[in-house]
Structures are given as structure tokens and as C-alpha cells.
>>> print(open('model_6.pdb').read())   # PDB, C-alpha atoms and all ligand atoms
ATOM      1  CA  MET A   1     104.472 102.829 101.258  1.00  0.00           C
ATOM      2  CA  SER A   2     103.996 104.870  98.148  1.00  0.00           C
ATOM      3  CA  GLY A   3     101.419 106.638  96.047  1.00  0.00           C
ATOM      4  CA  PRO A   4      98.793 108.836  97.681  1.00  0.00           C
ATOM      5  CA  SER A   5      99.907 108.110 101.251  1.00  0.00           C
ATOM      6  CA  LEU A   6     103.191 109.939 100.592  1.00  0.00           C
ATOM      7  CA  ARG A   7     101.374 112.991  99.247  1.00  0.00           C
ATOM      8  CA  ARG A   8      99.573 113.465 102.553  1.00  0.00           C
ATOM      9  CA  ALA A   9     101.585 114.979 105.375  1.00  0.00           C
ATOM     10  CA  ASP A  10      99.765 113.025 108.114  1.00  0.00           C
ATOM     11  CA  SER A  11     100.128 109.530 106.649  1.00  0.00           C
ATOM     12  CA  HIS A  12     103.635 110.303 105.413  1.00  0.00           C
ATOM     13  CA  SER A  13     104.613 111.466 108.885  1.00  0.00           C
ATOM     14  CA  LEU A  14     103.336 108.208 110.419  1.00  0.00           C
ATOM     15  CA  ILE A  15     105.573 106.194 108.084  1.00  0.00           C
ATOM     16  CA  HIS A  16     108.578 108.302 109.139  1.00  0.00           C
ATOM     17  CA  GLU A  17     107.838 108.101 112.844  1.00  0.00           C
ATOM     18  CA  ALA A  18     107.303 104.324 112.881  1.00  0.00           C
ATOM     19  CA  ALA A  19     110.626 103.652 111.162  1.00  0.00           C
ATOM     20  CA  LEU A  20     112.519 106.187 113.253  1.00  0.00           C
ATOM     21  CA  GLU A  21     111.125 104.874 116.528  1.00  0.00           C
ATOM     22  CA  GLU A  22     112.340 101.360 115.742  1.00  0.00           C
ATOM     23  CA  ALA A  23     115.728 102.748 114.765  1.00  0.00           C
ATOM     24  CA  ARG A  24     115.961 104.630 118.077  1.00  0.00           C
ATOM     25  CA  GLU A  25     115.130 101.501 120.049  1.00  0.00           C
ATOM     26  CA  LEU A  26     117.693  99.400 118.192  1.00  0.00           C
ATOM     27  CA  THR A  27     120.351 102.078 118.646  1.00  0.00           C
ATOM     28  CA  GLU A  28     119.661 102.250 122.383  1.00  0.00           C
ATOM     29  CA  LEU A  29     119.975  98.462 122.640  1.00  0.00           C
ATOM     30  CA  LEU A  30     123.219  98.664 120.700  1.00  0.00           C
ATOM     31  CA  GLU A  31     124.601 101.345 122.991  1.00  0.00           C
ATOM     32  CA  ARG A  32     123.719  99.301 126.070  1.00  0.00           C
ATOM     33  CA  SER A  33     125.397  96.159 124.750  1.00  0.00           C
ATOM     34  CA  LEU A  34     128.464  98.132 123.780  1.00  0.00           C
ATOM     35  CA  CYS A  35     128.694  99.728 127.229  1.00  0.00           C
ATOM     36  CA  ARG A  36     128.445  96.298 128.859  1.00  0.00           C
ATOM     37  CA  GLY A  37     131.195  94.964 126.637  1.00  0.00           C
ATOM     38  CA  GLU A  38     128.861  92.403 124.989  1.00  0.00           C
ATOM     39  CA  ARG A  39     130.584  92.586 121.642  1.00  0.00           C
ATOM     40  CA  ASP A  40     128.887  89.678 119.858  1.00  0.00           C
ATOM     41  CA  LYS A  41     125.471  90.803 120.947  1.00  0.00           C
ATOM     42  CA  ALA A  42     126.247  94.363 119.846  1.00  0.00           C
ATOM     43  CA  GLN A  43     127.350  93.103 116.454  1.00  0.00           C
ATOM     44  CA  GLY A  44     124.121  91.154 116.005  1.00  0.00           C
ATOM     45  CA  ILE A  45     122.030  94.195 116.905  1.00  0.00           C
ATOM     46  CA  ALA A  46     124.073  96.382 114.564  1.00  0.00           C
ATOM     47  CA  TRP A  47     123.328  94.055 111.646  1.00  0.00           C
ATOM     48  CA  ILE A  48     119.622  94.086 112.451  1.00  0.00           C
ATOM     49  CA  ALA A  49     119.712  97.875 112.740  1.00  0.00           C
ATOM     50  CA  VAL A  50     121.521  98.450 109.440  1.00  0.00           C
ATOM     51  CA  GLU A  51     119.117  96.080 107.685  1.00  0.00           C
ATOM     52  CA  HIS A  52     116.275  98.007 109.272  1.00  0.00           C
ATOM     53  CA  TRP A  53     117.631 101.267 107.799  1.00  0.00           C
ATOM     54  CA  GLU A  54     117.979  99.666 104.388  1.00  0.00           C
ATOM     55  CA  SER A  55     114.593  97.996 104.247  1.00  0.00           C
ATOM     56  CA  ARG A  56     112.596 100.850 105.747  1.00  0.00           C
ATOM     57  CA  THR A  57     114.039 104.350 105.478  1.00  0.00           C
ATOM     58  CA  LEU A  58     116.313 103.833 102.471  1.00  0.00           C
ATOM     59  CA  GLN A  59     113.662 101.866 100.618  1.00  0.00           C
ATOM     60  CA  HIS A  60     111.200 104.651 101.420  1.00  0.00           C
ATOM     61  CA  ALA A  61     113.744 107.190 100.123  1.00  0.00           C
ATOM     62  CA  GLN A  62     114.070 105.318  96.860  1.00  0.00           C
ATOM     63  CA  SER A  63     110.345 105.205  96.273  1.00  0.00           C
ATOM     64  CA  GLU A  64     110.171 108.941  96.956  1.00  0.00           C
ATOM     65  CA  GLU A  65     112.870 109.630  94.408  1.00  0.00           C
ATOM     66  CA  GLU A  66     111.065 107.484  91.855  1.00  0.00           C
ATOM     67  CA  GLY A  67     107.617 108.933  92.570  1.00  0.00           C
ATOM     68  CA  LEU A  68     106.839 111.793  94.938  1.00  0.00           C
ATOM     69  CA  TYR A  69     109.925 113.884  94.112  1.00  0.00           C
ATOM     70  CA  LEU A  70     109.393 113.600  90.346  1.00  0.00           C
ATOM     71  CA  GLU A  71     105.753 114.586  90.768  1.00  0.00           C
ATOM     72  CA  ALA A  72     106.675 117.524  92.980  1.00  0.00           C
ATOM     73  CA  VAL A  73     109.117 119.002  90.461  1.00  0.00           C
ATOM     74  CA  GLU A  74     106.715 118.389  87.616  1.00  0.00           C
ATOM     75  CA  LEU A  75     103.939 120.175  89.471  1.00  0.00           C
ATOM     76  CA  LYS A  76     106.094 122.975  90.817  1.00  0.00           C
ATOM     77  CA  PRO A  77     109.429 123.424  89.056  1.00  0.00           C
ATOM     78  CA  GLN A  78     110.452 125.951  91.733  1.00  0.00           C
ATOM     79  CA  LEU A  79     110.736 123.008  94.167  1.00  0.00           C
ATOM     80  CA  ARG A  80     113.789 121.708  92.347  1.00  0.00           C
ATOM     81  CA  ASP A  81     116.269 123.096  94.921  1.00  0.00           C
ATOM     82  CA  VAL A  82     114.247 121.682  97.829  1.00  0.00           C
ATOM     83  CA  ILE A  83     114.136 118.283  96.137  1.00  0.00           C
ATOM     84  CA  THR A  84     117.884 118.424  95.479  1.00  0.00           C
ATOM     85  CA  ALA A  85     118.470 119.132  99.175  1.00  0.00           C
ATOM     86  CA  LEU A  86     116.154 116.314 100.285  1.00  0.00           C
ATOM     87  CA  THR A  87     117.853 113.910  97.880  1.00  0.00           C
ATOM     88  CA  ARG A  88     121.215 114.918  99.353  1.00  0.00           C
ATOM     89  CA  ASP A  89     119.903 113.926 102.799  1.00  0.00           C
ATOM     90  CA  HIS A  90     118.971 110.519 101.380  1.00  0.00           C
ATOM     91  CA  ASN A  91     122.472 110.182  99.930  1.00  0.00           C
ATOM     92  CA  LEU A  92     124.087 111.037 103.271  1.00  0.00           C
ATOM     93  CA  MET A  93     122.007 108.347 104.944  1.00  0.00           C
ATOM     94  CA  ARG A  94     122.915 105.836 102.221  1.00  0.00           C
ATOM     95  CA  GLU A  95     126.579 106.671 102.712  1.00  0.00           C
ATOM     96  CA  LEU A  96     126.409 106.198 106.470  1.00  0.00           C
ATOM     97  CA  ALA A  97     124.554 102.879 106.140  1.00  0.00           C
ATOM     98  CA  ALA A  98     127.112 101.632 103.606  1.00  0.00           C
ATOM     99  CA  GLU A  99     129.977 102.662 105.910  1.00  0.00           C
ATOM    100  CA  ILE A 100     128.381 100.833 108.829  1.00  0.00           C
ATOM    101  CA  LYS A 101     128.088  97.681 106.726  1.00  0.00           C
ATOM    102  CA  GLU A 102     131.711  97.899 105.624  1.00  0.00           C
ATOM    103  CA  ARG A 103     132.836  98.223 109.218  1.00  0.00           C
ATOM    104  CA  LEU A 104     130.656  95.309 110.354  1.00  0.00           C
ATOM    105  CA  GLU A 105     131.949  93.155 107.509  1.00  0.00           C
ATOM    106  CA  ARG A 106     135.494  93.886 108.685  1.00  0.00           C
ATOM    107  CA  GLY A 107     134.426  92.731 112.146  1.00  0.00           C
ATOM    108  CA  GLU A 108     134.604  96.207 113.648  1.00  0.00           C
ATOM    109  CA  MET A 109     132.087  96.873 116.360  1.00  0.00           C
ATOM    110  CA  ASP A 110     132.968  99.954 118.322  1.00  0.00           C
ATOM    111  CA  GLU A 111     132.004 103.518 119.172  1.00  0.00           C
ATOM    112  CA  GLN A 112     132.468 104.506 115.501  1.00  0.00           C
ATOM    113  CA  VAL A 113     129.627 102.240 114.441  1.00  0.00           C
ATOM    114  CA  LEU A 114     127.365 103.562 117.196  1.00  0.00           C
ATOM    115  CA  GLN A 115     128.130 107.162 116.208  1.00  0.00           C
ATOM    116  CA  ARG A 116     127.042 106.464 112.646  1.00  0.00           C
ATOM    117  CA  PHE A 117     123.714 105.061 113.793  1.00  0.00           C
ATOM    118  CA  GLN A 118     123.214 108.158 115.951  1.00  0.00           C
ATOM    119  CA  ALA A 119     124.081 110.385 112.993  1.00  0.00           C
ATOM    120  CA  LEU A 120     121.541 108.521 110.843  1.00  0.00           C
ATOM    121  CA  ILE A 121     118.817 109.258 113.403  1.00  0.00           C
ATOM    122  CA  LEU A 122     119.683 112.971 113.573  1.00  0.00           C
ATOM    123  CA  ILE A 123     119.849 113.419 109.806  1.00  0.00           C
ATOM    124  CA  ASP A 124     116.602 111.516 109.362  1.00  0.00           C
ATOM    125  CA  GLN A 125     114.827 113.686 111.959  1.00  0.00           C
ATOM    126  CA  ILE A 126     115.800 116.901 110.186  1.00  0.00           C
ATOM    127  CA  HIS A 127     115.087 115.390 106.791  1.00  0.00           C
ATOM    128  CA  ASN A 128     111.605 114.245 107.828  1.00  0.00           C
ATOM    129  CA  ARG A 129     110.753 117.649 109.252  1.00  0.00           C
ATOM    130  CA  ASP A 130     111.722 119.398 106.008  1.00  0.00           C
ATOM    131  CA  GLU A 131     110.084 116.818 103.791  1.00  0.00           C
ATOM    132  CA  GLU A 132     106.803 116.841 105.728  1.00  0.00           C
ATOM    133  CA  GLU A 133     106.807 120.626 105.588  1.00  0.00           C
ATOM    134  CA  MET A 134     107.199 120.517 101.818  1.00  0.00           C
ATOM    135  CA  VAL A 135     104.400 117.980 101.447  1.00  0.00           C
ATOM    136  CA  GLU A 136     102.093 119.973 103.683  1.00  0.00           C
ATOM    137  CA  LYS A 137     102.768 123.386 102.178  1.00  0.00           C
ATOM    138  CA  GLU A 138     103.397 122.580  98.548  1.00  0.00           C
ATOM    139  CA  LEU A 139     101.626 119.345  97.672  1.00  0.00           C
ATOM    140  CA  GLU A 140      98.621 119.047  99.958  1.00  0.00           C
ATOM    141  CA  GLU A 141      97.438 122.515  99.044  1.00  0.00           C
ATOM    142  CA  ARG A 142      97.069 121.396  95.458  1.00  0.00           C
ATOM    143  CA  ARG A 143      95.449 118.108  96.484  1.00  0.00           C
ATOM    144  CA  HIS A 144      92.825 119.987  98.485  1.00  0.00           C
ATOM    145  CA  GLY A 145      92.289 122.273  95.527  1.00  0.00           C
ATOM    146  CA  ALA A 146      91.837 119.310  93.204  1.00  0.00           C
ATOM    147  CA  VAL A 147      89.395 117.615  95.573  1.00  0.00           C
ATOM    148  CA  SER A 148      87.234 120.685  96.144  1.00  0.00           C
ATOM    149  CA  GLY A 149      87.353 121.661  92.476  1.00  0.00           C
ATOM    150  CA  PRO A 150      84.668 119.324  91.070  1.00  0.00           C
ATOM    151  CA  LYS A 151      82.334 120.063  94.013  1.00  0.00           C
ATOM    152  CA  VAL A 152      82.366 123.769  93.238  1.00  0.00           C
ATOM    153  CA  ASP A 153      81.769 123.074  89.579  1.00  0.00           C
ATOM    154  CA  GLY A 154      79.013 120.524  90.278  1.00  0.00           C
ATOM    155  CA  PRO A 155      75.272 121.078  90.227  1.00  0.00           C
ATOM    156  CA  ALA A 156      75.291 122.342  93.831  1.00  0.00           C
ATOM    157  CA  ALA A 157      77.290 125.348  92.765  1.00  0.00           C
ATOM    158  CA  GLY A 158      74.611 126.431  90.326  1.00  0.00           C
TER     159      GLY A 158
HETATM  160 FE    FE A 201     109.473 110.447 103.453  1.00  0.00          FE
HETATM  161 FE    FE A 202     112.786 111.250 102.241  1.00  0.00          FE
END
>>> encode(input="model_6.pdb", output="C-alpha cells")
Amino acid sequence: MSGPSLRRADSHSLIHEAALEEARELTELLERSLCRGERDKAQGIAWIAVEHWESRTLQHAQSEEEGLYLEAVELKPQLRDVITALTRDHNLMRELAAEIKERLERGEMDEQVLQRFQALILIDQIHNRDEEEMVEKELEERRHGAVSGPKVDGPAAG
């Protein structure tokens, strides 16, 4: 989940959508259990869901901060503000996931926990849209340029 696949809007978008879809399904299951008053079941689902956020989206965020985002700013220093904003989104998601875990560790399983999972989904949706837009407009353009470059300079061009 790193390297070239993150520099392409299409493959990057697939990574986002797969993780988000699972998160949506888990959150719906959680909501249903909570509505039915199945507290233990809800708690179990909440743990699975928070671990899902950590191992997928937050892990993905970390690899972006260690790779893609550094490359982006190096290539185009004017992207610094965009990268700062995207990193802030990651931090909000980290904060929400940490809060959920604290609540679960205290044995709390209520509407507050559900709301935080729903907030994670909404923030992630907006974040993904903005990040994919940046990749498509700012990074792919250069990739295409780099790929077509040698062809133009090759024997065919002469
Ligand atoms: Fe991403
Ligand atoms: Fe991201």
C-alpha cells in the first residue's frame, strides 16, 4: 500500500474505497446492535472497527506522511499548505480513533462511540476526495510527463 500505487489517483482511490466500505459496514452493524440493546455484541464490533481504522486507514496515513507527502512537497513546494491540511485530517482521525479506544477500555459503549465512528467516515470521505484531487492534478501530471519524456527524445522523435 505504498510507492507508485499511491502516486496514481485510480489505484490510490481503490485503496481508500475498499477501507471505507468496510468501515461503513462495520459501523452499520454497530448501529444495529446498539439499537437492539445488544451491548456486548456492539462492544465486540466496536473493537473490530477501531482496529480496522488503525490497521487500514491510519496505517495508510502514516505511509503517506513518510512517503507520498514528502515527495509531493519536494516536487512542488507550493503544495505545503495542502499537505499540512491533509495531515491535519489524519490527525483528527487519529484523535477520534484514540478517543474511541479510551471509551471502550473504560467499558463505555453508547451513542458517543457510534458518533465518533460516523465522524471518522465523514472526515475520511472529505479527506480522500481532496487527497485524490491533489494526486490527480499535481502528481500524475508530472508522472505522465516523465513517462512520455524519453519517448519524445527517443529515435522515433528524430
Ligand atoms: Fe490516501
Ligand atoms: Fe491520507
>>> closest_residue(input="model_6.pdb", among="A:Gln59, A:Asn128, A:Ile100, A:Ala46", to="Glu25 of chain A", atoms="all atoms listed in the file")
A:Ala46
>>> resolve_selection(input="model_6.pdb", expression="the PyMOL selection byres (((not hetatm)) within 8 of (chain A and resi 201))", output="ChimeraX atom specification")
/A:6,12-13,15-16,57,60-61,64,128,131-132
>>> write_last_selection(input="model_6.pdb", atoms="C-alpha atoms", output="short mmCIF file (atom, residue, chain, number, x, y, z; two decimals), in the coordinates of the input")
data_model
loop_
_atom_site.label_atom_id
_atom_site.label_comp_id
_atom_site.auth_asym_id
_atom_site.auth_seq_id
_atom_site.Cartn_x
_atom_site.Cartn_y
_atom_site.Cartn_z
CA LEU A 6 103.19 109.94 100.59
CA HIS A 12 103.64 110.30 105.41
CA SER A 13 104.61 111.47 108.88
CA ILE A 15 105.57 106.19 108.08
CA HIS A 16 108.58 108.30 109.14
CA THR A 57 114.04 104.35 105.48
CA HIS A 60 111.20 104.65 101.42
CA ALA A 61 113.74 107.19 100.12
CA GLU A 64 110.17 108.94 96.96
CA ASN A 128 111.60 114.24 107.83
CA GLU A 131 110.08 116.82 103.79
CA GLU A 132 106.80 116.84 105.73
#
>>> resolve_selection(input="model_6.pdb", expression="the PyMOL selection byres (((not hetatm)) within 12 of (chain A and resi 202))", output="PyMOL selection string")
chain A and resi 1-2+6-7+12-13+15-16+19+56-69+82-94+123-135
>>> write_last_selection(input="model_6.pdb", atoms="C-alpha atoms", output="PDB file, in the coordinates of the input")
ATOM      1  CA  MET A   1     104.472 102.829 101.258  1.00  0.00           C
ATOM      2  CA  SER A   2     103.996 104.870  98.148  1.00  0.00           C
ATOM      3  CA  LEU A   6     103.191 109.939 100.592  1.00  0.00           C
ATOM      4  CA  ARG A   7     101.374 112.991  99.247  1.00  0.00           C
ATOM      5  CA  HIS A  12     103.635 110.303 105.413  1.00  0.00           C
ATOM      6  CA  SER A  13     104.613 111.466 108.885  1.00  0.00           C
ATOM      7  CA  ILE A  15     105.573 106.194 108.084  1.00  0.00           C
ATOM      8  CA  HIS A  16     108.578 108.302 109.139  1.00  0.00           C
ATOM      9  CA  ALA A  19     110.626 103.652 111.162  1.00  0.00           C
ATOM     10  CA  ARG A  56     112.596 100.850 105.747  1.00  0.00           C
ATOM     11  CA  THR A  57     114.039 104.350 105.478  1.00  0.00           C
ATOM     12  CA  LEU A  58     116.313 103.833 102.471  1.00  0.00           C
ATOM     13  CA  GLN A  59     113.662 101.866 100.618  1.00  0.00           C
ATOM     14  CA  HIS A  60     111.200 104.651 101.420  1.00  0.00           C
ATOM     15  CA  ALA A  61     113.744 107.190 100.123  1.00  0.00           C
ATOM     16  CA  GLN A  62     114.070 105.318  96.860  1.00  0.00           C
ATOM     17  CA  SER A  63     110.345 105.205  96.273  1.00  0.00           C
ATOM     18  CA  GLU A  64     110.171 108.941  96.956  1.00  0.00           C
ATOM     19  CA  GLU A  65     112.870 109.630  94.408  1.00  0.00           C
ATOM     20  CA  GLU A  66     111.065 107.484  91.855  1.00  0.00           C
ATOM     21  CA  GLY A  67     107.617 108.933  92.570  1.00  0.00           C
ATOM     22  CA  LEU A  68     106.839 111.793  94.938  1.00  0.00           C
ATOM     23  CA  TYR A  69     109.925 113.884  94.112  1.00  0.00           C
ATOM     24  CA  VAL A  82     114.247 121.682  97.829  1.00  0.00           C
ATOM     25  CA  ILE A  83     114.136 118.283  96.137  1.00  0.00           C
ATOM     26  CA  THR A  84     117.884 118.424  95.479  1.00  0.00           C
ATOM     27  CA  ALA A  85     118.470 119.132  99.175  1.00  0.00           C
ATOM     28  CA  LEU A  86     116.154 116.314 100.285  1.00  0.00           C
ATOM     29  CA  THR A  87     117.853 113.910  97.880  1.00  0.00           C
ATOM     30  CA  ARG A  88     121.215 114.918  99.353  1.00  0.00           C
ATOM     31  CA  ASP A  89     119.903 113.926 102.799  1.00  0.00           C
ATOM     32  CA  HIS A  90     118.971 110.519 101.380  1.00  0.00           C
ATOM     33  CA  ASN A  91     122.472 110.182  99.930  1.00  0.00           C
ATOM     34  CA  LEU A  92     124.087 111.037 103.271  1.00  0.00           C
ATOM     35  CA  MET A  93     122.007 108.347 104.944  1.00  0.00           C
ATOM     36  CA  ARG A  94     122.915 105.836 102.221  1.00  0.00           C
ATOM     37  CA  ILE A 123     119.849 113.419 109.806  1.00  0.00           C
ATOM     38  CA  ASP A 124     116.602 111.516 109.362  1.00  0.00           C
ATOM     39  CA  GLN A 125     114.827 113.686 111.959  1.00  0.00           C
ATOM     40  CA  ILE A 126     115.800 116.901 110.186  1.00  0.00           C
ATOM     41  CA  HIS A 127     115.087 115.390 106.791  1.00  0.00           C
ATOM     42  CA  ASN A 128     111.605 114.245 107.828  1.00  0.00           C
ATOM     43  CA  ARG A 129     110.753 117.649 109.252  1.00  0.00           C
ATOM     44  CA  ASP A 130     111.722 119.398 106.008  1.00  0.00           C
ATOM     45  CA  GLU A 131     110.084 116.818 103.791  1.00  0.00           C
ATOM     46  CA  GLU A 132     106.803 116.841 105.728  1.00  0.00           C
ATOM     47  CA  GLU A 133     106.807 120.626 105.588  1.00  0.00           C
ATOM     48  CA  MET A 134     107.199 120.517 101.818  1.00  0.00           C
ATOM     49  CA  VAL A 135     104.400 117.980 101.447  1.00  0.00           C
TER      50      VAL A 135
END
>>> resolve_selection(input="model_6.pdb", expression="the PyMOL selection byres (((chain A and resi 109-120) around 9) and not hetatm)", output="PyMOL selection string")
chain A and resi 23-24+27+30-31+34+39-40+42-43+46+49-50+53+92-93+96-97+99-100+103-104+106-108+121-125
>>> atom_distance(input="model_6.pdb", atom1="atom CA of Arg8 of chain A", atom2="atom CA of Leu75 of chain A")
15.3 Å
>>> atom_distance(input="model_6.pdb", atom1="atom CA of Leu14 of chain A", atom2="atom CA of Leu139 of chain A")
17.0 Å
>>> axis_aligned_box(input="model_6.pdb", around="segment 89-96 of chain A", padding_each_side="3 Å", output="JSON")
{"center_x": 122.8, "center_y": 109.9, "center_z": 103.2, "size_x": 13.6, "size_y": 14.1, "size_z": 12.5}
>>> atom_distance(input="model_6.pdb", atom1="atom CA of Cys35 of chain A", atom2="atom CA of Glu95 of chain A")
25.6 Å
>>> closest_residue(input="model_6.pdb", among="A:Glu140, A:Asp10, A:Ala72, A:Glu105", to="Gly44 of chain A", atoms="only C-alpha atoms")
A:Glu105
